[in-house]
>>> print(open('my_file.tsv').read())   # TSV, C-alpha atoms
chain	number	residue	atom	x	y	z
A	1	MET	CA	109.08	139.58	123.41
A	2	GLU	CA	111.09	138.79	120.31
A	3	THR	CA	112.49	135.68	122.00
A	4	ARG	CA	108.99	134.48	122.83
A	5	GLN	CA	107.89	135.00	119.22
A	6	MET	CA	110.91	133.06	117.98
A	7	LYS	CA	110.11	130.18	120.35
A	8	THR	CA	106.53	130.16	119.10
A	9	LEU	CA	107.75	130.07	115.50
A	10	PHE	CA	110.15	127.21	116.21
A	11	SER	CA	107.37	125.25	117.94
A	12	ALA	CA	105.07	125.72	114.96
A	13	LEU	CA	107.79	124.60	112.57
A	14	ALA	CA	108.46	121.52	114.68
A	15	LEU	CA	104.78	120.56	114.64
A	16	ALA	CA	104.64	121.09	110.90
A	17	GLY	CA	107.69	118.90	110.47
A	18	MET	CA	106.04	116.14	112.45
A	19	ALA	CA	103.01	116.28	110.17
A	20	VAL	CA	105.22	116.11	107.09
A	21	LEU	CA	106.91	113.02	108.47
A	22	GLY	CA	103.56	111.28	108.41
A	23	GLY	CA	102.05	111.07	111.85
A	24	ASN	CA	104.89	111.18	114.32
A	25	ALA	CA	103.98	111.37	117.99
A	26	ALA	CA	105.89	113.34	120.60
A	27	ALA	CA	109.65	112.87	120.77
A	28	GLY	CA	109.79	111.63	117.18
A	29	GLN	CA	107.77	108.49	117.83
A	30	PRO	CA	106.61	107.09	114.46
A	31	VAL	CA	102.90	106.39	114.10
A	32	ILE	CA	101.69	103.45	112.02
A	33	GLY	CA	98.06	102.94	111.11
A	34	ALA	CA	96.77	99.38	110.88
A	35	LEU	CA	93.50	98.75	109.05
A	36	ILE	CA	92.42	95.15	109.66
A	37	ARG	CA	89.51	93.39	107.95
A	38	ASN	CA	88.13	91.62	111.02
A	39	LEU	CA	89.98	91.05	114.29
A	40	ASP	CA	87.34	88.52	115.37
A	41	ASP	CA	88.87	86.16	112.80
A	42	GLN	CA	91.35	84.04	114.73
A	43	PHE	CA	94.20	84.41	112.26
A	44	LEU	CA	93.73	88.17	112.03
A	45	GLY	CA	93.36	88.40	115.80
A	46	ASP	CA	96.80	86.81	116.11
A	47	TYR	CA	98.04	89.13	113.36
A	48	GLY	CA	96.81	92.21	115.23
A	49	SER	CA	98.27	91.04	118.53
A	50	ASN	CA	101.65	90.59	116.89
A	51	LEU	CA	101.50	94.08	115.40
A	52	LYS	CA	101.02	95.46	118.91
A	53	LYS	CA	104.07	93.59	120.20
A	54	ILE	CA	106.27	94.70	117.32
A	55	ALA	CA	105.18	98.33	117.60
A	56	ALA	CA	105.91	98.34	121.33
A	57	ALA	CA	109.34	96.83	120.76
A	58	LYS	CA	110.09	99.45	118.09
A	59	GLY	CA	108.86	102.34	120.20
A	60	ALA	CA	106.22	103.16	117.61
A	61	GLU	CA	102.62	104.16	118.17
A	62	LEU	CA	100.17	101.76	116.53
A	63	LYS	CA	96.66	102.90	115.67
A	64	LEU	CA	94.89	99.57	115.20
A	65	MET	CA	91.47	99.68	113.57
A	66	ASP	CA	88.98	96.81	113.17
A	67	ALA	CA	86.61	97.07	110.19
A	68	HIS	CA	84.49	94.12	111.38
A	69	GLY	CA	84.28	92.91	107.79
A	70	ASP	CA	82.73	96.11	106.42
A	71	MET	CA	84.46	97.99	103.60
A	72	ALA	CA	82.64	101.27	104.27
A	73	THR	CA	83.78	101.14	107.88
A	74	GLN	CA	87.35	100.53	106.80
A	75	LEU	CA	87.31	103.54	104.49
A	76	ASP	CA	85.90	105.71	107.29
A	77	GLN	CA	88.67	104.51	109.60
A	78	LEU	CA	91.27	105.31	106.95
A	79	ASN	CA	89.94	108.84	106.49
A	80	THR	CA	89.94	109.38	110.25
A	81	LEU	CA	93.59	108.36	110.56
A	82	LEU	CA	94.60	110.41	107.54
A	83	SER	CA	92.91	113.45	109.07
A	84	GLN	CA	95.02	112.86	112.20
A	85	GLY	CA	98.20	113.03	110.12
A	86	VAL	CA	98.91	109.31	109.88
A	87	LYS	CA	100.51	108.54	106.52
A	88	TYR	CA	101.94	105.02	106.67
A	89	PHE	CA	99.83	101.92	107.07
A	90	VAL	CA	99.56	98.17	107.34
A	91	VAL	CA	96.35	97.24	105.52
A	92	VAL	CA	94.38	94.00	105.44
A	93	PRO	CA	91.58	95.09	103.09
A	94	VAL	CA	88.04	93.87	103.62
A	95	VAL	CA	87.90	93.10	99.90
A	96	THR	CA	90.55	93.22	97.19
A	97	GLU	CA	88.59	95.78	95.17
A	98	GLY	CA	88.70	98.24	98.07
A	99	SER	CA	92.48	98.43	97.90
A	100	ASP	CA	92.34	100.86	94.95
A	101	GLN	CA	90.49	103.51	96.91
A	102	ILE	CA	92.65	102.94	99.97
A	103	ALA	CA	95.86	103.36	97.99
A	104	GLN	CA	94.63	106.49	96.24
A	105	ALA	CA	93.60	108.15	99.50
A	106	ILE	CA	96.95	107.39	101.14
A	107	ALA	CA	98.91	108.51	98.08
A	108	ALA	CA	97.02	111.80	98.05
A	109	LYS	CA	98.54	112.50	101.48
A	110	GLY	CA	102.02	111.49	100.32
A	111	GLY	CA	102.01	108.26	102.31
A	112	GLY	CA	102.37	104.55	101.67
A	113	ALA	CA	101.03	101.17	102.72
A	114	ALA	CA	101.95	97.54	103.08
A	115	PHE	CA	98.93	95.47	102.10
A	116	SER	CA	98.82	92.05	103.69
A	117	ASN	CA	96.81	88.81	103.85
A	118	THR	CA	94.10	90.04	101.47
A	119	ALA	CA	95.87	90.76	98.20
A	120	PRO	CA	95.43	94.22	96.67
A	121	THR	CA	94.85	94.84	92.99
A	122	VAL	CA	97.68	95.49	90.56
A	123	LYS	CA	96.28	99.00	90.20
A	124	ALA	CA	96.66	99.60	93.94
A	125	LEU	CA	100.34	98.64	93.85
A	126	LYS	CA	100.86	100.75	90.74
A	127	THR	CA	99.66	103.79	92.71
A	128	GLY	CA	103.27	104.37	93.70
A	129	ARG	CA	106.57	102.88	94.82
A	130	ASN	CA	105.50	103.14	98.47
A	131	PHE	CA	102.79	100.50	98.12
A	132	PHE	CA	103.67	96.89	98.89
A	133	LEU	CA	102.26	93.42	99.45
A	134	ALA	CA	103.51	91.33	102.38
A	135	SER	CA	101.59	88.07	102.28
A	136	SER	CA	101.74	84.41	101.28
A	137	PRO	CA	101.05	82.82	97.86
A	138	GLU	CA	97.56	81.37	98.31
A	139	SER	CA	97.90	78.72	95.60
A	140	VAL	CA	100.75	77.16	97.54
A	141	ALA	CA	98.44	76.58	100.51
A	142	GLY	CA	96.14	74.53	98.29
A	143	GLN	CA	99.07	72.62	96.82
A	144	ILE	CA	100.30	71.75	100.32
A	145	GLN	CA	96.83	70.61	101.35
A	146	ALA	CA	96.84	68.31	98.32
A	147	ALA	CA	100.27	66.94	99.27
A	148	ILE	CA	98.99	66.17	102.78
A	149	VAL	CA	95.95	64.41	101.33
A	150	ASP	CA	98.15	62.42	98.96
A	151	ASP	CA	100.39	61.31	101.81
A	152	TYR	CA	97.36	60.27	103.87
A	153	PHE	CA	95.80	58.10	101.18
A	154	LYS	CA	99.14	56.54	100.28
A	155	LYS	CA	99.42	55.43	103.91
A	156	PHE	CA	95.77	54.35	104.10
A	157	PRO	CA	94.66	53.36	100.57
A	158	ALA	CA	91.72	51.37	101.92
A	159	LYS	CA	90.08	54.67	102.82
A	160	LEU	CA	89.87	55.67	99.15
A	161	GLY	CA	86.79	55.03	97.06
A	162	PRO	CA	86.81	52.84	93.93
A	163	GLY	CA	89.20	53.97	91.21
A	164	LYS	CA	91.30	56.07	93.57
A	165	SER	CA	88.33	58.31	94.24
A	166	ILE	CA	88.03	61.05	96.84
A	167	ASN	CA	84.51	61.98	97.89
A	168	LEU	CA	84.94	65.49	99.19
A	169	LEU	CA	83.07	67.98	101.33
A	170	MET	CA	84.62	71.44	101.04
A	171	LEU	CA	84.17	74.57	103.15
A	172	LEU	CA	85.02	77.79	101.35
A	173	GLY	CA	86.01	81.18	102.68
A	174	GLN	CA	84.40	84.47	101.71
A	175	LEU	CA	83.46	84.05	98.06
A	176	GLY	CA	85.68	86.11	95.77
A	177	HIS	CA	88.41	86.52	98.38
A	178	PRO	CA	91.79	85.69	96.79
A	179	ALA	CA	92.50	83.02	99.41
A	180	GLN	CA	89.17	81.34	98.70
A	181	ILE	CA	89.76	81.37	94.97
A	182	TYR	CA	93.39	80.31	94.77
A	183	ARG	CA	93.40	77.77	97.63
A	184	THR	CA	90.34	76.03	96.22
A	185	GLN	CA	91.57	75.96	92.64
A	186	ALA	CA	95.02	74.75	93.63
A	187	VAL	CA	94.00	71.90	95.92
A	188	LEU	CA	91.51	70.48	93.41
A	189	ALA	CA	93.90	70.81	90.47
A	190	SER	CA	96.79	69.31	92.45
A	191	LEU	CA	94.76	66.29	93.55
A	192	GLN	CA	93.71	65.63	89.97
A	193	GLN	CA	97.33	65.97	88.82
A	194	LYS	CA	98.26	63.35	91.42
A	195	GLY	CA	95.87	60.91	89.79
A	196	TYR	CA	92.86	61.13	92.09
A	197	LYS	CA	89.29	61.15	90.90
A	198	VAL	CA	87.80	63.99	92.93
A	199	ASN	CA	84.05	63.91	93.47
A	200	VAL	CA	82.96	67.12	95.18
A	201	LEU	CA	79.79	65.99	96.94
A	202	ALA	CA	79.19	69.45	98.38
A	203	LYS	CA	80.99	72.75	98.69
A	204	ASP	CA	79.79	76.07	100.04
A	205	THR	CA	81.01	79.16	101.79
A	206	ALA	CA	81.12	79.41	105.57
A	207	ASN	CA	82.75	82.87	105.36
A	208	TRP	CA	85.80	81.82	107.41
A	209	GLN	CA	83.56	81.31	110.48
A	210	PRO	CA	83.45	78.16	112.67
A	211	GLU	CA	79.77	78.55	113.55
A	212	GLU	CA	78.72	78.70	109.90
A	213	ALA	CA	80.96	75.75	109.10
A	214	GLN	CA	79.46	73.66	111.90
A	215	GLN	CA	75.93	74.38	110.68
A	216	LYS	CA	76.92	73.53	107.13
A	217	MET	CA	78.53	70.26	108.20
A	218	ASP	CA	75.49	69.34	110.30
A	219	ALA	CA	73.36	69.58	107.16
A	220	TRP	CA	75.87	67.71	105.04
A	221	LEU	CA	76.06	64.87	107.55
A	222	ASN	CA	72.33	64.35	107.15
A	223	ALA	CA	72.74	64.16	103.38
A	224	TYR	CA	76.10	62.42	102.95
A	225	ARG	CA	76.79	60.39	106.08
A	226	GLY	CA	78.92	57.38	105.12
A	227	LYS	CA	79.49	58.70	101.60
A	228	PHE	CA	82.50	61.04	102.02
A	229	ASN	CA	86.12	60.34	102.92
A	230	LEU	CA	87.64	63.83	103.18
A	231	VAL	CA	86.79	67.30	104.47
A	232	LEU	CA	88.82	70.30	103.31
A	233	ALA	CA	88.46	73.89	104.50
A	234	ASN	CA	90.03	77.11	103.26
A	235	ASN	CA	90.98	78.00	106.84
A	236	ASP	CA	91.30	76.46	110.30
A	237	SER	CA	88.28	78.18	111.83
A	238	MET	CA	85.98	76.47	109.35
A	239	ALA	CA	87.87	73.19	109.68
A	240	LEU	CA	87.35	73.32	113.45
A	241	GLY	CA	83.66	74.02	112.94
A	242	ALA	CA	83.50	70.86	110.83
A	243	VAL	CA	85.39	68.93	113.51
A	244	GLU	CA	82.91	70.06	116.16
A	245	SER	CA	80.01	68.91	114.00
A	246	LEU	CA	81.58	65.50	113.43
A	247	VAL	CA	82.40	65.03	117.12
A	248	THR	CA	78.90	66.07	118.20
A	249	ALA	CA	77.39	63.64	115.69
A	250	LYS	CA	79.76	60.91	116.97
A	251	TYR	CA	81.19	60.51	113.48
A	252	VAL	CA	84.32	59.04	115.07
A	253	ASP	CA	86.32	55.82	115.06
A	254	ASP	CA	84.61	54.57	118.22
A	255	PRO	CA	81.58	56.45	119.64
A	256	ALA	CA	82.18	54.74	122.98
A	257	ARG	CA	85.69	56.22	123.09
A	258	PRO	CA	85.54	59.63	121.39
A	259	GLY	CA	88.98	61.15	121.02
A	260	VAL	CA	90.70	57.78	120.58
A	261	ASP	CA	92.42	57.18	117.25
A	262	VAL	CA	91.40	53.55	116.94
A	263	ASP	CA	92.72	52.87	113.43
A	264	GLY	CA	95.99	54.78	113.89
A	265	ASP	CA	95.49	57.16	110.97
A	266	GLY	CA	96.21	60.30	112.99
A	267	THR	CA	92.64	61.34	113.74
A	268	SER	CA	89.88	59.99	115.95
A	269	LEU	CA	87.32	61.08	113.35
A	270	LYS	CA	86.10	58.75	110.63
A	271	VAL	CA	87.59	61.03	107.97
A	272	PRO	CA	90.52	63.46	107.91
A	273	VAL	CA	89.73	67.17	108.19
A	274	ILE	CA	92.39	69.57	106.90
A	275	GLY	CA	92.54	73.36	107.25
A	276	VAL	CA	94.88	76.29	106.67
A	277	ASP	CA	96.52	78.70	109.14
A	278	ALA	CA	97.97	76.55	111.97
A	279	THR	CA	96.29	78.68	114.63
A	280	PRO	CA	96.94	77.74	118.27
A	281	VAL	CA	93.42	76.31	118.56
A	282	ALA	CA	94.00	74.18	115.48
A	283	LEU	CA	97.27	72.85	116.86
A	284	ARG	CA	95.51	71.89	120.10
A	285	SER	CA	92.89	70.05	118.06
A	286	MET	CA	95.65	68.16	116.29
A	287	ALA	CA	97.16	67.22	119.64
A	288	GLU	CA	93.74	65.86	120.63
A	289	LYS	CA	93.66	63.73	117.45
A	290	LYS	CA	90.69	65.63	116.04
A	291	LEU	CA	91.89	67.94	113.26
A	292	TYR	CA	94.15	65.84	111.05
A	293	ALA	CA	96.43	68.49	109.57
A	294	THR	CA	96.75	72.11	108.54
A	295	VAL	CA	99.00	74.48	106.61
A	296	LEU	CA	100.92	77.20	108.39
A	297	GLN	CA	100.02	80.68	107.26
A	298	ASP	CA	102.44	82.59	109.42
A	299	ALA	CA	100.59	85.47	111.09
A	300	GLY	CA	103.77	86.46	112.89
A	301	GLU	CA	105.94	86.64	109.78
A	302	GLN	CA	103.28	88.31	107.65
A	303	SER	CA	102.55	90.99	110.25
A	304	ALA	CA	106.25	91.54	111.01
A	305	THR	CA	107.08	91.97	107.33
A	306	ALA	CA	104.19	94.34	106.68
A	307	PHE	CA	105.03	96.38	109.78
A	308	GLU	CA	108.70	96.62	108.83
A	309	LEU	CA	107.80	97.99	105.40
A	310	ALA	CA	105.47	100.61	106.90
A	311	TYR	CA	107.99	101.47	109.62
A	312	LEU	CA	110.80	101.96	107.10
A	313	MET	CA	108.62	104.29	105.05
A	314	ALA	CA	107.72	106.28	108.17
A	315	THR	CA	111.29	106.55	109.47
A	316	LYS	CA	113.52	106.32	106.39
A	317	GLY	CA	111.19	107.50	103.66
A	318	ALA	CA	111.82	104.48	101.45
A	319	VAL	CA	112.11	100.69	101.34
A	320	GLY	CA	114.75	98.76	99.47
A	321	GLY	CA	116.05	95.20	99.30
A	322	ALA	CA	115.60	92.40	101.80
A	323	THR	CA	113.82	92.74	105.13
A	324	VAL	CA	115.58	92.06	108.42
A	325	ARG	CA	113.94	88.60	108.36
A	326	GLY	CA	115.50	87.91	104.98
A	327	TYR	CA	112.45	88.24	102.73
A	328	LYS	CA	113.27	89.71	99.35
A	329	PRO	CA	110.98	91.30	96.78
A	330	LEU	CA	110.00	88.94	93.99
A	331	ALA	CA	112.34	88.80	91.02
A	332	VAL	CA	110.07	86.70	88.79
A	333	ALA	CA	106.31	86.92	88.33
A	334	ILE	CA	104.10	84.07	89.56
A	335	GLU	CA	100.65	83.02	88.34
A	336	GLU	CA	98.78	84.58	91.25
A	337	ALA	CA	97.59	88.19	91.13
A	338	PRO	CA	98.90	90.78	91.77
A	339	ALA	CA	102.31	89.10	91.61
A	340	ASN	CA	101.59	87.97	88.05
A	341	ASN	CA	102.28	91.50	86.82
A	342	ALA	CA	105.94	92.19	86.10
A	343	ALA	CA	105.49	95.90	86.77
A	344	VAL	CA	104.83	95.39	90.49
A	345	ILE	CA	106.73	92.25	91.50
A	346	GLY	CA	109.49	94.35	93.06
A	347	GLN	CA	106.88	95.54	95.57
A	348	VAL	CA	105.82	92.02	96.58
A	349	TYR	CA	107.28	90.18	99.60
A	350	LEU	CA	106.06	86.61	100.03
A	351	VAL	CA	106.12	84.63	103.28
A	352	PRO	CA	106.08	80.85	102.62
A	353	PHE	CA	103.38	78.41	103.74
A	354	LYS	CA	104.43	75.19	105.52
A	355	ALA	CA	102.78	71.80	105.96
A	356	VAL	CA	101.75	71.03	109.54
A	357	THR	CA	101.18	67.32	110.11
A	358	GLN	CA	100.87	64.84	112.94
A	359	GLU	CA	104.62	64.30	112.64
A	360	ASN	CA	105.70	67.93	113.09
A	361	TYR	CA	102.87	69.96	114.66
A	362	LYS	CA	104.61	70.16	118.05
A	363	SER	CA	107.40	72.23	116.51
A	364	PHE	CA	104.82	74.90	115.61
A	365	THR	CA	103.34	75.04	119.11
A	366	LYS	CA	104.39	78.14	121.02
A	367	LYS	CA	106.00	77.42	124.35
>>> encode(input="my_file.tsv", output="structure tokens")
Amino acid sequence: METRQMKTLFSALALAGMAVLGGNAAAGQPVIGALIRNLDDQFLGDYGSNLKKIAAAKGAELKLMDAHGDMATQLDQLNTLLSQGVKYFVVVPVVTEGSDQIAQAIAAKGGGAAFSNTAPTVKALKTGRNFFLASSPESVAGQIQAAIVDDYFKKFPAKLGPGKSINLLMLLGQLGHPAQIYRTQAVLASLQQKGYKVNVLAKDTANWQPEEAQQKMDAWLNAYRGKFNLVLANNDSMALGAVESLVTAKYVDDPARPGVDVDGDGTSLKVPVIGVDATPVALRSMAEKKLYATVLQDAGEQSATAFELAYLMATKGAVGGATVRGYKPLAVAIEEAPANNAAVIGQVYLVPFKAVTQENYKSFTKK
């Protein structure tokens, strides 16, 4: 009888220990929660798929939750996982402002989180040393877009308007999202710094969605057909929506031969369309001479870095120094929040953006 009681006591202690370790499954398997803004978004869909692969390779249990773009849903999902004993998370917040509440709830349970893709607030990172950002500096994406545009018009100056003018149509992401703000500001400022006169004929949000972008471009074509020489989008999904609109409207080099790059400028469309993300669909569009160029936002590297930080917290209790992929915490503040605050830069890991052009896109295509 005494032996049975002792066994029961040991079992209870073991279960308690698992809870203290922050959501460990049977046999010491670490459990990582993943709260994702919207898995229907192509980039985030790739991000989530990569998390699954990494978790399987690590022998970890991944609890992947899709907020479908709703902050209240994301908070409910967080509370559900916390009630199940999960303590360590990868978080792509629906909105930046929601990161404060997320961080506070996780900290109250003694856990930690690696925010990713959607930047958290400085306050969220200041919640504790176990709160991190694993993402990419959004301003750089805009700067790279501007460099691609500059290269294009240097090769094809006849496509510029008078006085080195660019007549631009611009598709924006979710208004107020850090990527929408910083990518837009950076590309416009960089083009002006390069000596271009930028006339924004129209710009509006399409909320990252291709369908909204296509509808927007349909309307703009009616208003500005023949008057614009560039289309920029804050992400590839919207860029591809614009491409579809232009193709459908036969706004191409040769309507009798759609898909043929008649003038040799790298696109069969009358104007270059440039996005951000370098999704597989975007790369296929580049191969078809539709989308002109994009900027790699590396879903694989972002998700791998965020997962590693959460995994280290769950298994080692702390994170320090460089990741296995060689990413180091920032040593110097940058202009972009939250990494503009010296108090939290040691908790920020940045994955670089890369230009994807007609010359190099094949190297980014997965075999």
>>> residues_around(input="my_file.tsv", residues="range 145-151 of chain A", least_positions_apart="3", cutoff="12 Å", atoms="all atoms listed in the file", output="PyMOL selection string")
chain A and resi 138-142+154-157+159-160+164-166+168+183-196+198+229-235+265-266+271-277+292-296+353-359
>>> closest_residue(input="my_file.tsv", among="A:Asp236, A:Glu97, A:Gly317, A:Leu350", to="Val332 in chain A", atoms="only C-alpha atoms")
A:Leu350
>>> atom_distance(input="my_file.tsv", atom1="CA of Pro210 in chain A", atom2="CA of Ser245 in chain A")
10.0 Å
>>> residues_around(input="my_file.tsv", residues="range 106-119 of chain A", least_positions_apart="2", cutoff="9 Å", atoms="only C-alpha atoms", output="PyMOL selection string")
chain A and resi 20+22+37+44+78-79+82+85-96+99+101-104+121+125+127-136+177-179+299+302-303+305-310+313-314+337-338
>>> write_last_selection(input="my_file.tsv", atoms="C-alpha atoms", output="mmCIF file, in the coordinates of the input")
data_model
loop_
_atom_site.group_PDB
_atom_site.id
_atom_site.type_symbol
_atom_site.label_atom_id
_atom_site.label_comp_id
_atom_site.auth_asym_id
_atom_site.auth_seq_id
_atom_site.Cartn_x
_atom_site.Cartn_y
_atom_site.Cartn_z
ATOM 1 C CA VAL A 20 105.220 116.110 107.090
ATOM 2 C CA GLY A 22 103.560 111.280 108.410
ATOM 3 C CA ARG A 37 89.510 93.390 107.950
ATOM 4 C CA LEU A 44 93.730 88.170 112.030
ATOM 5 C CA LEU A 78 91.270 105.310 106.950
ATOM 6 C CA ASN A 79 89.940 108.840 106.490
ATOM 7 C CA LEU A 82 94.600 110.410 107.540
ATOM 8 C CA GLY A 85 98.200 113.030 110.120
ATOM 9 C CA VAL A 86 98.910 109.310 109.880
ATOM 10 C CA LYS A 87 100.510 108.540 106.520
ATOM 11 C CA TYR A 88 101.940 105.020 106.670
ATOM 12 C CA PHE A 89 99.830 101.920 107.070
ATOM 13 C CA VAL A 90 99.560 98.170 107.340
ATOM 14 C CA VAL A 91 96.350 97.240 105.520
ATOM 15 C CA VAL A 92 94.380 94.000 105.440
ATOM 16 C CA PRO A 93 91.580 95.090 103.090
ATOM 17 C CA VAL A 94 88.040 93.870 103.620
ATOM 18 C CA VAL A 95 87.900 93.100 99.900
ATOM 19 C CA THR A 96 90.550 93.220 97.190
ATOM 20 C CA SER A 99 92.480 98.430 97.900
ATOM 21 C CA GLN A 101 90.490 103.510 96.910
ATOM 22 C CA ILE A 102 92.650 102.940 99.970
ATOM 23 C CA ALA A 103 95.860 103.360 97.990
ATOM 24 C CA GLN A 104 94.630 106.490 96.240
ATOM 25 C CA THR A 121 94.850 94.840 92.990
ATOM 26 C CA LEU A 125 100.340 98.640 93.850
ATOM 27 C CA THR A 127 99.660 103.790 92.710
ATOM 28 C CA GLY A 128 103.270 104.370 93.700
ATOM 29 C CA ARG A 129 106.570 102.880 94.820
ATOM 30 C CA ASN A 130 105.500 103.140 98.470
ATOM 31 C CA PHE A 131 102.790 100.500 98.120
ATOM 32 C CA PHE A 132 103.670 96.890 98.890
ATOM 33 C CA LEU A 133 102.260 93.420 99.450
ATOM 34 C CA ALA A 134 103.510 91.330 102.380
ATOM 35 C CA SER A 135 101.590 88.070 102.280
ATOM 36 C CA SER A 136 101.740 84.410 101.280
ATOM 37 C CA HIS A 177 88.410 86.520 98.380
ATOM 38 C CA PRO A 178 91.790 85.690 96.790
ATOM 39 C CA ALA A 179 92.500 83.020 99.410
ATOM 40 C CA ALA A 299 100.590 85.470 111.090
ATOM 41 C CA GLN A 302 103.280 88.310 107.650
ATOM 42 C CA SER A 303 102.550 90.990 110.250
ATOM 43 C CA THR A 305 107.080 91.970 107.330
ATOM 44 C CA ALA A 306 104.190 94.340 106.680
ATOM 45 C CA PHE A 307 105.030 96.380 109.780
ATOM 46 C CA GLU A 308 108.700 96.620 108.830
ATOM 47 C CA LEU A 309 107.800 97.990 105.400
ATOM 48 C CA ALA A 310 105.470 100.610 106.900
ATOM 49 C CA MET A 313 108.620 104.290 105.050
ATOM 50 C CA ALA A 314 107.720 106.280 108.170
ATOM 51 C CA ALA A 337 97.590 88.190 91.130
ATOM 52 C CA PRO A 338 98.900 90.780 91.770
#
>>> residues_near_point(input="my_file.tsv", point="(104.8, 104.9, 114.1)", cutoff="12 Å", atoms="all atoms listed in the file", output="PyMOL selection string")
chain A and resi 18+21-34+51-52+54-64+85-90+307-316
>>> write_last_selection(input="my_file.tsv", atoms="C-alpha atoms", output="PDB file, in the coordinates of the input")
ATOM      1  CA  MET A  18     106.040 116.140 112.450  1.00  0.00           C
ATOM      2  CA  LEU A  21     106.910 113.020 108.470  1.00  0.00           C
ATOM      3  CA  GLY A  22     103.560 111.280 108.410  1.00  0.00           C
ATOM      4  CA  GLY A  23     102.050 111.070 111.850  1.00  0.00           C
ATOM      5  CA  ASN A  24     104.890 111.180 114.320  1.00  0.00           C
ATOM      6  CA  ALA A  25     103.980 111.370 117.990  1.00  0.00           C
ATOM      7  CA  ALA A  26     105.890 113.340 120.600  1.00  0.00           C
ATOM      8  CA  ALA A  27     109.650 112.870 120.770  1.00  0.00           C
ATOM      9  CA  GLY A  28     109.790 111.630 117.180  1.00  0.00           C
ATOM     10  CA  GLN A  29     107.770 108.490 117.830  1.00  0.00           C
ATOM     11  CA  PRO A  30     106.610 107.090 114.460  1.00  0.00           C
ATOM     12  CA  VAL A  31     102.900 106.390 114.100  1.00  0.00           C
ATOM     13  CA  ILE A  32     101.690 103.450 112.020  1.00  0.00           C
ATOM     14  CA  GLY A  33      98.060 102.940 111.110  1.00  0.00           C
ATOM     15  CA  ALA A  34      96.770  99.380 110.880  1.00  0.00           C
ATOM     16  CA  LEU A  51     101.500  94.080 115.400  1.00  0.00           C
ATOM     17  CA  LYS A  52     101.020  95.460 118.910  1.00  0.00           C
ATOM     18  CA  ILE A  54     106.270  94.700 117.320  1.00  0.00           C
ATOM     19  CA  ALA A  55     105.180  98.330 117.600  1.00  0.00           C
ATOM     20  CA  ALA A  56     105.910  98.340 121.330  1.00  0.00           C
ATOM     21  CA  ALA A  57     109.340  96.830 120.760  1.00  0.00           C
ATOM     22  CA  LYS A  58     110.090  99.450 118.090  1.00  0.00           C
ATOM     23  CA  GLY A  59     108.860 102.340 120.200  1.00  0.00           C
ATOM     24  CA  ALA A  60     106.220 103.160 117.610  1.00  0.00           C
ATOM     25  CA  GLU A  61     102.620 104.160 118.170  1.00  0.00           C
ATOM     26  CA  LEU A  62     100.170 101.760 116.530  1.00  0.00           C
ATOM     27  CA  LYS A  63      96.660 102.900 115.670  1.00  0.00           C
ATOM     28  CA  LEU A  64      94.890  99.570 115.200  1.00  0.00           C
ATOM     29  CA  GLY A  85      98.200 113.030 110.120  1.00  0.00           C
ATOM     30  CA  VAL A  86      98.910 109.310 109.880  1.00  0.00           C
ATOM     31  CA  LYS A  87     100.510 108.540 106.520  1.00  0.00           C
ATOM     32  CA  TYR A  88     101.940 105.020 106.670  1.00  0.00           C
ATOM     33  CA  PHE A  89      99.830 101.920 107.070  1.00  0.00           C
ATOM     34  CA  VAL A  90      99.560  98.170 107.340  1.00  0.00           C
ATOM     35  CA  PHE A 307     105.030  96.380 109.780  1.00  0.00           C
ATOM     36  CA  GLU A 308     108.700  96.620 108.830  1.00  0.00           C
ATOM     37  CA  LEU A 309     107.800  97.990 105.400  1.00  0.00           C
ATOM     38  CA  ALA A 310     105.470 100.610 106.900  1.00  0.00           C
ATOM     39  CA  TYR A 311     107.990 101.470 109.620  1.00  0.00           C
ATOM     40  CA  LEU A 312     110.800 101.960 107.100  1.00  0.00           C
ATOM     41  CA  MET A 313     108.620 104.290 105.050  1.00  0.00           C
ATOM     42  CA  ALA A 314     107.720 106.280 108.170  1.00  0.00           C
ATOM     43  CA  THR A 315     111.290 106.550 109.470  1.00  0.00           C
ATOM     44  CA  LYS A 316     113.520 106.320 106.390  1.00  0.00           C
TER      45      LYS A 316
END
>>> residues_around(input="my_file.tsv", residues="range 268-270 of chain A", least_positions_apart="5", cutoff="7 Å", atoms="all atoms listed in the file", output="number ranges by chain")
A: 251-253, 258-262, 289-290
>>> closest_residue(input="my_file.tsv", among="A:Phe43, A:Asn341, A:Val351, A:Ala304", to="Ala278 in chain A", atoms="only C-alpha atoms")
A:Phe43
>>> atom_distance(input="my_file.tsv", atom1="CA of Ala256 in chain A", atom2="CA of Tyr152 in chain A")
25.0 Å
>>> closest_residue(input="my_file.tsv", among="A:Val281, A:Ile36, A:Met170, A:Ala239", to="Leu75 in chain A", atoms="only C-alpha atoms")
A:Ile36
>>> atom_distance(input="my_file.tsv", atom1="CA of Lys328 in chain A", atom2="CA of Pro137 in chain A")
14.1 Å
>>> closest_residue(input="my_file.tsv", among="A:Leu172, A:Val122, A:Ala72, A:Met65", to="Ala339 in chain A", atoms="only C-alpha atoms")
A:Val122
>>> closest_residue(input="my_file.tsv", among="A:Thr279, A:Ser49, A:Asn340, A:Gln215", to="Tyr361 in chain A", atoms="all atoms listed in the file")
A:Thr279
>>> axis_aligned_box(input="my_file.tsv", around="range 262-270 of chain A", padding_each_side="4 Å", output="AutoDock Vina command-line options")
--center_x 91.2 --center_y 57.1 --center_z 113.8 --size_x 18.1 --size_y 16.5 --size_z 14.3
